[in-house]
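Structure file structure.cif; described as mmCIF, C-alpha atoms.
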```
data_final
#
loop_
_atom_site.label_atom_id
_atom_site.label_comp_id
_atom_site.auth_asym_id
_atom_site.auth_seq_id
_atom_site.Cartn_x
_atom_site.Cartn_y
_atom_site.Cartn_z
CA MET A 338 0.01 -0.77 9.90
CA ILE A 339 1.33 -4.02 8.47
CA LEU A 340 1.91 -2.29 5.14
CA ALA A 341 3.73 0.59 6.80
CA PHE A 342 5.89 -2.10 8.41
CA ALA A 343 7.11 -3.06 4.91
CA VAL A 344 8.33 0.53 4.43
CA VAL A 345 10.05 0.65 7.82
CA ALA A 346 11.63 -2.78 7.27
CA GLY A 347 12.71 -1.70 3.76
CA VAL A 348 14.50 1.37 5.16
CA VAL A 349 16.16 -0.56 8.02
CA VAL A 350 17.36 -3.40 5.77
CA ALA A 351 18.62 -0.94 3.13
CA LEU A 352 20.60 0.97 5.80
CA ALA A 353 22.02 -2.32 7.10
CA ARG A 354 23.09 -3.16 3.53
CA GLY A 355 25.06 0.06 3.29
CA GLY A 356 22.33 2.17 1.75
CA SER A 357 21.84 5.82 2.56
CA LEU A 358 18.87 8.10 3.10
CA LYS A 359 20.68 10.69 1.00
CA ARG A 360 20.15 8.51 -2.07
CA LEU A 361 16.45 8.41 -1.23
CA ALA A 362 16.41 12.22 -1.42
CA ASP A 363 17.29 11.92 -5.11
CA LEU A 364 14.22 9.80 -5.81
CA SER A 365 11.79 11.76 -7.93
CA ILE A 366 8.23 10.42 -7.93
CA ARG A 367 5.93 11.85 -10.58
CA LEU A 368 2.27 12.72 -9.85
CA ALA A 369 2.77 12.37 -6.08
CA TRP A 370 -0.08 14.88 -5.64
CA LEU A 371 -2.46 12.43 -7.33
CA ALA A 372 -1.45 9.65 -4.90
CA LEU A 373 -2.19 12.05 -2.04
CA LEU A 374 -5.59 12.85 -3.58
CA CYS A 375 -6.32 9.09 -3.76
CA LEU A 376 -5.43 8.83 -0.07
CA LEU A 377 -7.86 11.62 0.79
CA VAL A 378 -10.64 9.96 -1.24
CA GLN A 379 -10.03 6.65 0.52
CA LEU A 380 -9.94 8.31 3.96
CA TYR A 381 -13.35 9.81 3.15
CA VAL A 382 -14.74 6.36 2.23
CA ILE A 383 -13.06 4.45 5.08
CA TYR A 384 -14.05 6.87 7.83
CA CYS A 385 -17.57 7.36 6.52
CA PRO A 386 -20.16 7.55 9.38
CA GLU A 387 -21.64 4.13 10.15
CA ASP A 388 -25.20 5.21 9.25
CA GLN A 389 -23.98 6.03 5.72
CA LEU A 390 -22.08 2.80 5.09
CA GLU A 391 -24.97 1.27 3.12
CA THR A 392 -26.78 4.38 1.86
CA GLN A 393 -23.60 5.70 0.20
CA ARG A 394 -22.34 2.27 -0.82
CA THR A 395 -22.61 2.55 -4.60
CA THR A 396 -21.05 6.02 -4.75
CA GLN A 397 -18.27 5.07 -2.37
CA GLY A 398 -17.62 1.81 -4.21
CA ILE A 399 -17.14 3.80 -7.42
CA LEU A 400 -14.82 6.22 -5.59
CA MET A 401 -12.72 3.31 -4.33
CA VAL A 402 -12.37 1.82 -7.82
CA LEU A 403 -11.53 5.25 -9.26
CA SER A 404 -8.90 5.83 -6.58
CA TYR A 405 -7.27 2.47 -7.40
CA GLY A 406 -7.37 3.26 -11.11
CA ALA A 407 -5.77 6.66 -10.50
CA LEU A 408 -3.14 5.13 -8.22
CA GLY A 409 -2.40 2.54 -10.91
CA TYR A 410 -1.80 5.44 -13.31
CA VAL A 411 0.59 7.10 -10.82
CA VAL A 412 2.56 3.87 -10.43
CA TRP A 413 2.58 3.33 -14.22
CA ALA A 414 3.91 6.87 -14.72
CA ASN A 415 6.80 5.97 -12.38
CA ARG A 416 7.56 2.53 -13.82
CA ARG A 417 11.17 3.56 -14.54
CA ILE A 418 11.75 3.29 -10.75
CA THR A 419 12.74 -0.25 -9.74
CA GLY A 420 9.98 -1.88 -7.69
CA MET A 421 7.14 0.19 -9.16
CA THR A 422 6.11 -2.57 -11.58
CA VAL A 423 5.78 -4.95 -8.61
CA ILE A 424 3.61 -2.37 -6.81
CA LEU A 425 1.58 -1.98 -10.02
CA LEU A 426 0.92 -5.73 -10.07
CA GLY A 427 -0.35 -5.52 -6.47
CA VAL A 428 -2.58 -2.54 -7.31
CA VAL A 429 -4.05 -4.44 -10.29
CA LEU A 430 -4.71 -7.56 -8.16
CA ASN A 431 -6.52 -5.49 -5.51
CA LEU A 432 -8.35 -3.46 -8.17
CA VAL A 433 -9.63 -6.61 -9.91
CA VAL A 434 -11.08 -8.17 -6.76
CA MET A 435 -12.52 -4.90 -5.44
CA ALA A 436 -14.09 -3.92 -8.77
CA ALA A 437 -15.61 -7.42 -8.98
CA ASN A 438 -17.17 -6.98 -5.53
CA GLY A 439 -18.76 -3.55 -5.81
CA GLY A 440 -15.63 -1.55 -5.00
CA PHE A 441 -14.79 -3.24 -1.69
CA MET A 442 -12.42 -6.00 -0.59
CA PRO A 443 -14.22 -9.24 0.32
CA VAL A 444 -13.36 -10.81 3.68
CA SER A 445 -15.03 -13.73 5.42
CA ARG A 446 -16.51 -13.66 8.92
CA GLU A 447 -14.21 -16.54 9.92
CA ALA A 448 -11.09 -14.64 8.81
CA ILE A 449 -12.02 -11.57 10.86
CA ILE A 450 -12.86 -13.61 13.94
CA ALA A 451 -9.51 -15.42 13.58
CA THR A 452 -7.69 -12.08 13.90
CA GLY A 453 -9.44 -11.43 17.21
CA THR A 454 -9.70 -7.72 16.39
CA ARG A 455 -13.50 -7.74 16.08
CA ILE A 456 -15.92 -9.92 18.01
CA ALA A 457 -18.46 -12.05 16.18
CA GLN A 458 -21.43 -10.31 17.85
CA GLY A 459 -20.21 -6.95 16.62
CA LEU A 460 -20.05 -7.97 12.98
CA PRO A 461 -22.78 -6.88 10.55
CA ALA A 462 -24.83 -9.23 8.36
CA GLU A 463 -23.22 -11.01 5.42
CA GLY A 464 -22.90 -8.70 2.43
CA SER A 465 -22.52 -5.58 4.59
CA ARG A 466 -19.60 -3.19 4.60
CA LEU A 467 -17.25 -3.17 7.57
CA SER A 468 -16.70 0.18 9.28
CA ARG A 469 -13.21 1.75 9.22
CA SER A 470 -12.01 -0.53 6.43
CA LYS A 471 -12.11 -1.10 2.66
CA ASP A 472 -13.82 -4.44 3.27
CA VAL A 473 -17.17 -6.04 2.68
CA LEU A 474 -18.24 -9.10 4.68
CA LEU A 475 -18.72 -11.95 2.21
CA PRO A 476 -18.30 -15.72 2.48
CA PRO A 477 -15.92 -17.14 -0.17
CA GLU A 478 -18.79 -18.82 -2.04
CA HIS A 479 -20.52 -15.46 -2.56
CA ALA A 480 -17.42 -13.39 -3.34
CA ARG A 481 -16.12 -13.03 -6.87
CA VAL A 482 -12.45 -14.01 -7.34
CA TRP A 483 -12.41 -14.65 -3.57
CA PHE A 484 -8.81 -15.95 -3.65
CA LEU A 485 -7.66 -12.36 -4.36
CA GLY A 486 -9.59 -11.07 -1.34
CA ASP A 487 -8.43 -10.77 2.28
CA VAL A 488 -7.63 -14.44 2.89
CA ILE A 489 -4.01 -14.41 4.14
CA MET A 490 -3.47 -14.25 7.89
CA ALA A 491 -0.61 -11.91 8.80
CA PRO A 492 1.29 -12.01 12.10
CA SER A 493 0.76 -9.47 14.88
CA LEU A 494 2.47 -6.27 13.69
CA PRO A 495 1.25 -5.02 16.14
CA VAL A 496 -2.16 -6.68 15.78
CA PRO A 497 -3.05 -9.58 13.46
CA LYS A 498 -4.61 -8.66 10.11
CA VAL A 499 -6.01 -10.45 7.11
CA LEU A 500 -4.31 -9.47 3.88
CA SER A 501 -4.88 -10.03 0.19
CA LEU A 502 -2.34 -11.37 -2.29
CA GLY A 503 -2.27 -7.85 -3.75
CA ASP A 504 -1.31 -6.43 -0.33
CA LEU A 505 1.64 -8.81 -0.10
CA VAL A 506 2.79 -7.92 -3.62
CA VAL A 507 2.51 -4.17 -2.83
CA ALA A 508 4.55 -4.66 0.36
CA LEU A 509 7.16 -6.62 -1.60
CA GLY A 510 7.28 -3.89 -4.25
CA ALA A 511 7.83 -1.18 -1.62
CA PHE A 512 10.63 -3.23 -0.10
CA VAL A 513 12.30 -3.74 -3.51
CA LEU A 514 11.88 -0.04 -4.34
CA LEU A 515 13.60 1.05 -1.13
CA GLN A 516 16.50 -1.36 -1.66
CA ALA A 517 17.03 -0.13 -5.21
CA ALA A 518 16.65 3.53 -4.23
CA MET A 519 18.91 3.47 -1.15
CA VAL A 520 21.55 0.80 -1.75
CA PRO A 521 24.24 1.62 -4.35
CA SER A 522 24.20 -0.74 -7.28
CA ARG A 523 27.15 -3.16 -7.45
CA LYS A 524 27.52 -2.34 -11.11
CA GLY A 525 27.84 1.28 -10.07
CA HIS A 526 26.55 4.41 -11.69
CA PRO A 527 28.69 6.62 -13.94
CA VAL A 528 29.08 9.11 -11.09
CA GLU A 529 28.72 8.01 -7.48
CA GLU A 530 28.62 10.19 -4.37
CA GLY A 531 31.72 12.35 -4.11
CA GLY A 532 32.26 12.12 -7.83
CA GLU A 533 34.37 8.95 -7.59
CA LEU A 534 33.95 6.21 -10.05
CA PRO A 535 33.07 2.88 -8.39
CA GLU A 536 35.52 0.03 -8.30
CA ARG A 537 34.74 -2.69 -10.76
CA SER A 538 35.29 -6.29 -9.76
CA MET B 865 23.10 23.59 7.07
CA LYS B 866 20.66 24.73 4.39
CA GLY B 867 21.71 21.76 2.22
CA LEU B 868 21.18 19.33 5.09
CA ARG B 869 17.72 20.73 5.70
CA SER B 870 16.92 20.38 2.00
CA ILE B 871 18.02 16.71 1.98
CA TYR B 872 16.04 16.05 5.17
CA ILE B 873 12.90 17.53 3.61
CA LYS B 874 13.40 15.51 0.41
CA VAL B 875 13.89 12.27 2.39
CA VAL B 876 10.75 12.91 4.45
CA CYS B 877 8.79 13.71 1.27
CA ALA B 878 10.04 10.52 -0.46
CA LEU B 879 9.17 8.32 2.54
CA PHE B 880 5.77 10.00 2.88
CA THR B 881 5.01 9.44 -0.82
CA ILE B 882 6.11 5.78 -0.71
CA SER B 883 4.05 5.21 2.46
CA THR B 884 1.05 6.88 0.81
CA LEU B 885 1.41 4.64 -2.26
CA VAL B 886 1.58 1.53 -0.07
CA VAL B 887 -1.33 2.50 2.18
CA VAL B 888 -3.58 3.49 -0.73
CA ALA B 889 -2.66 0.40 -2.78
CA GLY B 890 -3.13 -2.07 0.06
CA ALA B 891 -6.41 -3.13 1.61
CA PRO B 892 -5.87 -5.17 4.79
CA GLU B 893 -8.89 -5.68 7.04
CA GLY B 894 -9.13 -2.99 9.73
CA TRP B 895 -7.53 -0.02 8.04
CA PRO B 896 -4.82 1.24 8.12
#
```
Would you write the structure of this file as structure tokens?
Amino acid sequence: MILAFAVVAGVVVALARGGSLKRLADLSIRLAWLALLCLLVQLYVIYCPEDQLETQRTTQGILMVLSYGALGYVVWANRRITGMTVILLGVVLNLVVMAANGGFMPVSREAIIATGTRIAQGLPAEGSRLSRSKDVLLPPEHARVWFLGDVIMAPSLPVPKVLSLGDLVVALGAFVLLQAAMVPSRKGHPVEEGGELPERS
Amino acid sequence: MKGLRSIYIKVVCALFTISTLVVVAGAPEGWP
């Protein structure tokens, strides 16, 4: 939800800056179907039945890495759109840490307890996957490239979450993309809405 | 009216695609 907040905030700020949704309608995103396929793959992994979390772990870890690789390709194919390169950086950061940890995002027991969303008694043993998430429970000393894992505490939007650096970069990229797509450039385009040339200062 | 509907559909599709990109790319604890 915190990542969806970046999209909502991006739209609201762009409208406040004089942007329009009509400009967003002109945005053409290539390979959108592949992004949707990645979403379906991740939904399958995230909402996997609890008794299959460990038995299907290797297969689902590979699926997660493949979905990130495919999403990286989608973003790369759309790099002409302002903000996509920032999103690509976020995808790569998340891909690196997840690939290094068996396809899942490492998060520490302390970080989860700090959010208050799960109680300590309900958490599985160290090294286990967490249900309804892309995460694996690992202490920093056992996680590879732990600093790219879920280590950043986010405010309650609407509930507190732990984020990775990649998540923040992706959110920033989405915000930048929406500003560039919705707000008219000060330099102006050759033909603006209504066919009028923009004033040059 | 038909043009308005077309723009509305395109805006919804663009927002849906951007949201999909963000949700798939991000990995906060306790998805989504």
Explicit residue set for the PyMOL selection byres ((chain A and resi 479) around 12), as a list in words: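 Output from the PyMOL selection byres ((chain A and resi 479) around 12), applied to this file: Ala437, Asn438, Pro443, Val444, Ser445, Glu463, Gly464, Val473, Leu474, Leu475, Pro476, Pro477, Glu478, Ala480, Arg481, Val482, Trp483, Phe484 and Gly486 of chain A.
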Skipping near chain neighbours, those fewer than 3 positions away, what residues fall within 9 Å of region 493-502 of chain A using all atoms listed in the file, listed as a PyMOL selection string? (chain A and resi 338-339+342+427+430-431+442+444+448-449+451-454+484-490+505-507) or (chain B and resi 890-894)
For Val887 (chain B), work out the shell of residues within 8 Å, counting only C-alpha atoms and skipping chain neighbours fewer than 3 positions away, then give it as a list in words.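 Listing them by chain and then by number gives Leu340, Ala341 and Leu376 of chain A; Ser883, Thr884, Gly890, Ala891 and Pro896 of chain B.
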Separation of CA of Glu447 (chain A) from CA of Glu387 (chain A), in Å and rounded to one decimal: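 Going from CA of Glu447 (chain A) over to CA of Glu387 (chain A) covers 22.0 Å.
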Take CA of Ala518 (chain A) and CA of Ala346 (chain A) and report the distance between them in Å, one decimal.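 Calculated distance between CA of Ala518 (chain A) and CA of Ala346 (chain A) is 14.0 Å.
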Skip Ala351 (chain A) itself and residues of its chain fewer than 3 positions away, then list as a count of residues only all residues within 8 Å of it, counting only C-alpha atoms. 10
For Val875 (chain B): contacts at 7 Å, all atoms listed in the file, fewer than 4 positions along chain excluded, given as an NGL selection string: (:A and (358 or 361-362)) or (:B and (871 or 879))
